[in-house]
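Enquirer: Dropping in upload_27.cif, which is mmCIF, C-alpha atoms:
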data_entry
loop_
_atom_site.group_PDB
_atom_site.id
_atom_site.type_symbol
_atom_site.label_atom_id
_atom_site.label_comp_id
_atom_site.auth_asym_id
_atom_site.auth_seq_id
_atom_site.Cartn_x
_atom_site.Cartn_y
_atom_site.Cartn_z
ATOM 1 C CA MET J 18 -136.568 95.161 -177.529
ATOM 2 C CA SER J 19 -138.268 98.499 -178.085
ATOM 3 C CA VAL J 20 -136.368 101.568 -179.169
ATOM 4 C CA VAL J 21 -136.553 104.573 -176.864
ATOM 5 C CA ALA J 22 -136.457 107.895 -178.710
ATOM 6 C CA ALA J 23 -133.802 110.399 -177.649
ATOM 7 C CA ARG J 24 -135.152 112.890 -175.126
ATOM 8 C CA GLU J 25 -133.713 115.781 -173.177
ATOM 9 C CA PHE J 26 -134.963 117.159 -169.876
ATOM 10 C CA ARG J 27 -133.874 120.457 -168.377
ATOM 11 C CA SER J 28 -134.773 122.062 -165.104
ATOM 12 C CA SER J 29 -137.457 124.675 -165.362
ATOM 13 C CA GLY J 30 -137.571 128.172 -163.920
ATOM 14 C CA ARG J 31 -141.078 127.410 -162.730
ATOM 15 C CA SER J 32 -139.777 124.582 -160.578
ATOM 16 C CA TYR J 33 -138.914 126.776 -157.612
ATOM 17 C CA GLN J 34 -141.482 129.573 -157.854
ATOM 18 C CA ALA J 35 -143.477 128.244 -154.907
ATOM 19 C CA THR J 36 -140.360 128.169 -152.731
ATOM 20 C CA LEU J 37 -139.494 131.709 -153.749
ATOM 21 C CA ALA J 38 -143.028 132.816 -152.917
ATOM 22 C CA LEU J 39 -142.644 131.305 -149.441
ATOM 23 C CA VAL J 40 -139.277 133.006 -148.941
ATOM 24 C CA MET J 41 -140.717 136.332 -150.106
ATOM 25 C CA GLY J 42 -143.728 135.904 -147.822
ATOM 26 C CA GLY J 43 -141.445 135.125 -144.893
ATOM 27 C CA THR J 44 -139.313 138.184 -145.530
ATOM 28 C CA LEU J 45 -142.405 140.381 -145.802
ATOM 29 C CA VAL J 46 -143.636 139.063 -142.445
ATOM 30 C CA THR J 47 -140.193 139.809 -140.994
ATOM 31 C CA LEU J 48 -140.331 143.278 -142.535
ATOM 32 C CA GLY J 49 -143.738 143.885 -140.971
ATOM 33 C CA GLY J 50 -142.561 142.605 -137.593
ATOM 34 C CA THR J 51 -139.520 144.864 -137.715
ATOM 35 C CA GLY J 52 -141.753 147.800 -138.616
ATOM 36 C CA LEU J 53 -143.900 147.073 -135.567
ATOM 37 C CA LEU J 54 -140.826 147.416 -133.343
ATOM 38 C CA PHE J 55 -140.494 151.042 -134.443
ATOM 39 C CA ILE J 56 -144.116 152.028 -133.671
ATOM 40 C CA ASP J 57 -143.360 153.139 -130.109
ATOM 41 C CA SER J 58 -139.936 154.489 -130.990
ATOM 42 C CA ASN J 59 -139.153 158.148 -131.592
ATOM 43 C CA GLU J 60 -136.956 157.160 -134.529
ATOM 44 C CA PRO J 61 -138.508 156.551 -137.942
ATOM 45 C CA ALA J 62 -138.403 153.014 -139.295
ATOM 46 C CA PRO J 63 -135.582 152.487 -141.819
ATOM 47 C CA TRP J 64 -137.946 151.445 -144.638
ATOM 48 C CA ALA J 65 -135.414 151.945 -147.418
ATOM 49 C CA PHE J 66 -132.934 149.678 -145.652
ATOM 50 C CA LEU J 67 -135.602 147.054 -144.884
ATOM 51 C CA PHE J 68 -136.909 147.075 -148.447
ATOM 52 C CA GLY J 69 -133.372 146.731 -149.808
ATOM 53 C CA MET J 70 -132.769 143.855 -147.404
ATOM 54 C CA VAL J 71 -135.937 142.054 -148.582
ATOM 55 C CA VAL J 72 -135.097 142.509 -152.271
ATOM 56 C CA GLY J 73 -131.467 141.453 -151.711
ATOM 57 C CA LEU J 74 -132.543 138.359 -149.776
ATOM 58 C CA TRP J 75 -135.048 137.442 -152.481
ATOM 59 C CA VAL J 76 -132.472 137.811 -155.267
ATOM 60 C CA MET J 77 -129.922 135.803 -153.290
ATOM 61 C CA CYS J 78 -132.435 132.993 -152.614
ATOM 62 C CA ALA J 79 -133.552 132.985 -156.263
ATOM 63 C CA GLY J 80 -129.974 132.615 -157.466
ATOM 64 C CA LEU J 81 -129.148 129.927 -154.913
ATOM 65 C CA LEU J 82 -132.281 127.917 -155.736
ATOM 66 C CA ALA J 83 -131.613 128.242 -159.467
ATOM 67 C CA LEU J 84 -128.086 126.852 -158.968
ATOM 68 C CA LEU J 85 -129.192 124.025 -156.680
ATOM 69 C CA THR J 86 -132.021 122.868 -158.937
ATOM 70 C CA TRP J 87 -130.121 123.120 -162.244
ATOM 71 C CA GLN J 88 -130.125 119.789 -164.004
ATOM 72 C CA ARG J 89 -129.903 118.484 -167.563
ATOM 73 C CA VAL J 90 -130.630 114.876 -168.472
ATOM 74 C CA ARG J 91 -130.332 113.419 -171.957
ATOM 75 C CA ILE J 92 -131.606 109.946 -172.731
ATOM 76 C CA GLY J 93 -130.201 108.774 -176.049
ATOM 77 C CA ASP J 94 -131.930 106.473 -178.462
ATOM 78 C CA ASP J 95 -128.976 104.080 -178.039
ATOM 79 C CA GLY J 96 -129.722 103.669 -174.299
ATOM 80 C CA HIS J 97 -127.046 106.043 -173.003
ATOM 81 C CA ILE J 98 -128.112 108.428 -170.258
ATOM 82 C CA GLU J 99 -126.172 111.601 -169.507
ATOM 83 C CA VAL J 100 -126.791 113.619 -166.339
ATOM 84 C CA GLN J 101 -125.384 117.057 -165.525
ATOM 85 C CA ARG J 102 -126.080 118.678 -162.151
ATOM 86 C CA LEU J 103 -124.374 121.163 -159.897
ATOM 87 C CA PHE J 104 -123.693 118.359 -157.416
ATOM 88 C CA ASN J 105 -121.681 116.516 -160.093
ATOM 89 C CA TRP J 106 -119.609 119.694 -160.459
ATOM 90 C CA VAL J 107 -121.373 120.077 -163.829
ATOM 91 C CA ARG J 108 -119.369 117.141 -165.179
ATOM 92 C CA PRO J 109 -121.625 114.803 -167.082
ATOM 93 C CA ARG J 110 -122.329 111.412 -165.593
ATOM 94 C CA ARG J 111 -122.747 109.136 -168.598
ATOM 95 C CA PHE J 112 -123.877 105.520 -168.369
ATOM 96 C CA HIS J 113 -125.846 102.968 -170.350
ATOM 97 C CA ALA J 114 -129.308 101.850 -169.221
ATOM 98 C CA GLY J 115 -127.980 98.284 -169.290
ATOM 99 C CA GLU J 116 -125.522 99.161 -166.487
ATOM 100 C CA VAL J 117 -128.304 100.072 -164.046
ATOM 101 C CA ASP J 118 -128.479 97.774 -161.051
ATOM 102 C CA ALA J 119 -131.474 99.379 -159.297
ATOM 103 C CA LEU J 120 -133.781 102.402 -159.349
ATOM 104 C CA HIS J 121 -134.868 103.949 -156.051
ATOM 105 C CA TYR J 122 -137.845 106.328 -156.145
ATOM 106 C CA GLY J 123 -138.196 108.809 -153.286
ATOM 107 C CA ASN J 124 -141.687 110.286 -153.177
ATOM 108 C CA TRP J 125 -141.704 113.687 -151.472
ATOM 109 C CA GLN J 126 -145.201 113.010 -150.094
ATOM 110 C CA ARG J 127 -143.877 110.104 -148.017
ATOM 111 C CA SER J 128 -140.730 111.877 -146.871
ATOM 112 C CA THR J 129 -140.195 114.051 -143.831
ATOM 113 C CA THR J 130 -136.982 115.585 -145.162
ATOM 114 C CA SER J 131 -137.593 116.268 -148.864
ATOM 115 C CA VAL J 132 -139.821 118.742 -150.664
ATOM 116 C CA VAL J 133 -139.299 117.228 -154.135
ATOM 117 C CA SER J 134 -139.304 113.685 -155.462
ATOM 118 C CA ASP J 135 -136.008 112.137 -156.426
ATOM 119 C CA LEU J 136 -134.741 109.095 -158.281
ATOM 120 C CA GLY J 137 -131.616 107.255 -157.248
ATOM 121 C CA VAL J 138 -129.868 105.228 -159.949
ATOM 122 C CA THR J 139 -127.466 102.575 -158.672
ATOM 123 C CA LEU J 140 -125.040 101.212 -161.278
ATOM 124 C CA ARG J 141 -123.065 98.011 -161.436
ATOM 125 C CA ALA J 142 -119.372 98.265 -160.590
ATOM 126 C CA SER J 143 -117.236 99.119 -163.584
ATOM 127 C CA ALA J 144 -113.513 99.583 -164.158
ATOM 128 C CA HIS J 145 -114.035 102.708 -166.311
ATOM 129 C CA ARG J 146 -115.724 104.824 -163.588
ATOM 130 C CA ARG J 147 -115.264 105.498 -159.885
ATOM 131 C CA TRP J 148 -118.873 106.414 -159.091
ATOM 132 C CA ARG J 149 -121.854 104.058 -158.831
ATOM 133 C CA TYR J 150 -124.758 106.280 -157.831
ATOM 134 C CA VAL J 151 -126.565 109.122 -159.587
ATOM 135 C CA ARG J 152 -129.347 111.134 -157.974
ATOM 136 C CA LEU J 153 -131.942 112.932 -160.074
ATOM 137 C CA THR J 154 -134.479 115.451 -158.836
ATOM 138 C CA ASN J 155 -137.948 116.121 -160.169
ATOM 139 C CA THR J 156 -137.397 119.800 -160.915
ATOM 140 C CA HIS J 157 -140.815 120.107 -162.528
ATOM 141 C CA VAL J 158 -142.763 120.141 -159.282
ATOM 142 C CA ALA J 159 -145.873 121.489 -160.993
ATOM 143 C CA ASP J 160 -146.247 118.468 -163.274
ATOM 144 C CA GLY J 161 -149.083 117.041 -161.184
ATOM 145 C CA GLY J 162 -147.139 113.892 -160.351
ATOM 146 C CA ALA J 163 -146.519 112.945 -164.001
ATOM 147 C CA LEU J 164 -142.792 112.353 -163.318
ATOM 148 C CA ALA J 165 -141.925 112.496 -167.025
ATOM 149 C CA LEU J 166 -138.147 112.384 -166.447
ATOM 150 C CA PHE J 167 -138.316 109.451 -164.030
ATOM 151 C CA ARG J 168 -140.700 107.518 -166.269
ATOM 152 C CA ALA J 169 -138.446 108.081 -169.307
ATOM 153 C CA ILE J 170 -135.426 106.730 -167.425
ATOM 154 C CA ALA J 171 -137.441 103.754 -166.177
ATOM 155 C CA ALA J 172 -138.622 103.091 -169.763
ATOM 156 C CA ALA J 173 -135.035 103.193 -171.070
ATOM 157 C CA VAL J 174 -133.919 100.797 -168.329
ATOM 158 C CA HIS J 175 -136.916 98.520 -168.948
ATOM 159 C CA ALA J 176 -136.152 98.460 -172.685
ATOM 160 C CA THR J 177 -132.651 97.093 -172.058
ATOM 161 C CA GLN J 178 -133.386 95.057 -168.927
ATOM 162 C CA PRO J 179 -137.012 93.867 -168.918
ATOM 163 C CA ASP J 180 -136.455 91.639 -165.858
ATOM 164 C CA LEU J 181 -135.085 94.398 -163.597
ATOM 165 C CA PRO J 182 -137.657 95.308 -160.931
ATOM 166 C CA LEU J 183 -138.806 98.922 -161.192
ATOM 167 C CA PRO J 184 -140.466 101.095 -158.559
ATOM 168 C CA VAL J 185 -144.243 100.616 -158.730
ATOM 169 C CA GLU J 186 -144.826 104.290 -159.547
ATOM 170 C CA LEU J 187 -142.500 104.085 -162.552
ATOM 171 C CA ALA J 188 -143.427 100.670 -163.932
ATOM 172 C CA PRO J 189 -144.528 100.715 -167.579
ATOM 173 C CA ASP J 190 -148.259 100.966 -168.126
ATOM 174 C CA ASP J 191 -149.499 97.641 -169.441
ATOM 175 C CA GLY J 192 -153.176 98.518 -169.179
ATOM 176 C CA ALA J 193 -153.518 97.213 -165.635
ATOM 177 C CA ALA J 194 -154.757 99.323 -162.761
ATOM 178 C CA PRO J 195 -152.002 101.321 -161.003
ATOM 179 C CA LEU J 196 -150.592 99.728 -157.863
ATOM 180 C CA SER J 197 -149.298 102.875 -156.187
ATOM 181 C CA ASP J 198 -150.982 102.006 -152.868
ATOM 182 C CA PRO J 199 -150.609 98.311 -152.004
ATOM 183 C CA THR J 200 -152.732 98.524 -148.842
ATOM 184 C CA PRO J 201 -156.232 97.073 -149.172
ATOM 185 C CA HIS J 202 -159.124 99.484 -148.812
ATOM 186 C CA SER J 203 -162.360 98.484 -147.124
ATOM 187 C CA PRO J 204 -165.616 99.304 -148.965
#
Hey, can you dump this file as C-alpha cells for me?

Expert:
Amino acid sequence: MSVVAAREFRSSGRSYQATLALVMGGTLVTLGGTGLLFIDSNEPAPWAFLFGMVVGLWVMCAGLLALLTWQRVRIGDDGHIEVQRLFNWVRPRRFHAGEVDALHYGNWQRSTTSVVSDLGVTLRASAHRRWRYVRLTNTHVADGGALALFRAIAAAVHATQPDLPLPVELAPDDGAAPLSDPTPHSP
C-alpha cells in the first residue's frame, strides 16, 4: 500500500471570476437598456442611482458566490479526509478513505444543470455518523481540467481500497492511454 502525503485544498478567489464578469456584463447591459428608456424622456436619467445599483448588485453577487463556493478539504497522510463547506454548515465532515463505498464524478461538460464539476463520495453505513454522502465541487475552474482535488481523493481511496472501481477520469495513471471517451472513433 502506498502512502499518500497530506494535502490541503482551499477554494480560490479566481474560481468565480468568470461568473462575476458575466454578472457585471449583464448589469451593464441592463444599465444601458435603462438609459435608453430615458432618451425620449424630458427627465434626465438617474445615472448615480443606476451606477450605485450596478455596484451594489456586483458586490452582493461577489459575496454570495464567495460564500457558496467556499470549501476546504484536507487529505491526511493516514487516509483521513476532512471536508468543510458552507452546505455542511461549516462543520467538518471527517471520514477515512477506507470507508468510501463509491465515487461519483459529475463532469460539467456533460451536464445541463451544472457549471462546475463535482465529486460525490458515498460512504458505508456507520454507527458513529448520521450522514453517508459528501459532495465536493471543483472550485478551481481554471485548472484546465486537471481536477487536482478529485484526483487526490481518488488516489487516497485507491491506496486503501485498490479494488474499488473509480471513475475513468480519476483512475490512477498507469501509463496506459486515457479512456475518457469510450466510444470508438472512425479513422

Enquirer: With distances taken over only C-alpha atoms, which of J:Arg91, J:Leu120, J:Ser28, J:Arg108 is nearest to Pro182 in chain J?

Expert: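 Among the listed residues, the smallest separation from Pro182 in chain J belongs to J:Leu120.
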
Enquirer: I would like the residues chosen by the PyMOL selection byres ((chain J and resi 122) around 7) on the shown file; could you give them as a tab-separated table (two decimals) with C-alpha atoms, keeping the file's coordinate frame?

Expert:
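selection.tsv was written with the following content:
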chain	number	residue	atom	x	y	z
J	120	LEU	CA	-133.78	102.40	-159.35
J	121	HIS	CA	-134.87	103.95	-156.05
J	123	GLY	CA	-138.20	108.81	-153.29
J	124	ASN	CA	-141.69	110.29	-153.18
J	135	ASP	CA	-136.01	112.14	-156.43
J	136	LEU	CA	-134.74	109.10	-158.28
J	137	GLY	CA	-131.62	107.26	-157.25
J	184	PRO	CA	-140.47	101.10	-158.56

Enquirer: Determine, counting all atoms listed in the file, which protein, DNA and RNA residues have an atom within 9 Å of an atom of Gln101 in chain J; residues of the same chain fewer than 2 positions away are not included. Present the result as a count of residues only.

Expert: 15

Enquirer: Find the distance between CA of Met41 in chain J and CA of Arg27 in chain J and write it in Å to one decimal.

Expert: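 It comes out at 25.2 Å.
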
Enquirer: Find, counting only C-alpha atoms, the residue in J:Ala165, J:Leu45, J:Leu153, J:Ala173 that gets nearest to Phe68 in chain J.

Expert: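 That would be J:Leu45, the residue with the smallest distance to Phe68 in chain J.
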
Enquirer: Considering only C-alpha atoms, state which residue in the set J:Val174, J:Ala119, J:Val71, J:Met77 is at the smallest distance from Gly43 in chain J.

Expert: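 Once distances to Gly43 in chain J are computed over only C-alpha atoms, the minimum belongs to J:Val71.
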
Enquirer: Using CA of Gly42 in chain J and CA of Ala79 in chain J as the two end points, give the distance in Å to one decimal.

Expert: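 Result for CA of Gly42 in chain J versus CA of Ala79 in chain J: 13.5 Å, one decimal.
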
Enquirer: I'd like the interatomic distance between CA of Leu84 in chain J and CA of Leu164 in chain J, to a tenth of an Å.

Expert: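 Computed distance, CA of Leu84 in chain J to CA of Leu164 in chain J, equals 21.1 Å.
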
Enquirer: Using all atoms listed in the file, can you tell me which of J:Val138, J:Ala172, J:Val76, J:Leu48 comes closest to Trp64 in chain J?

Expert: J:Leu48
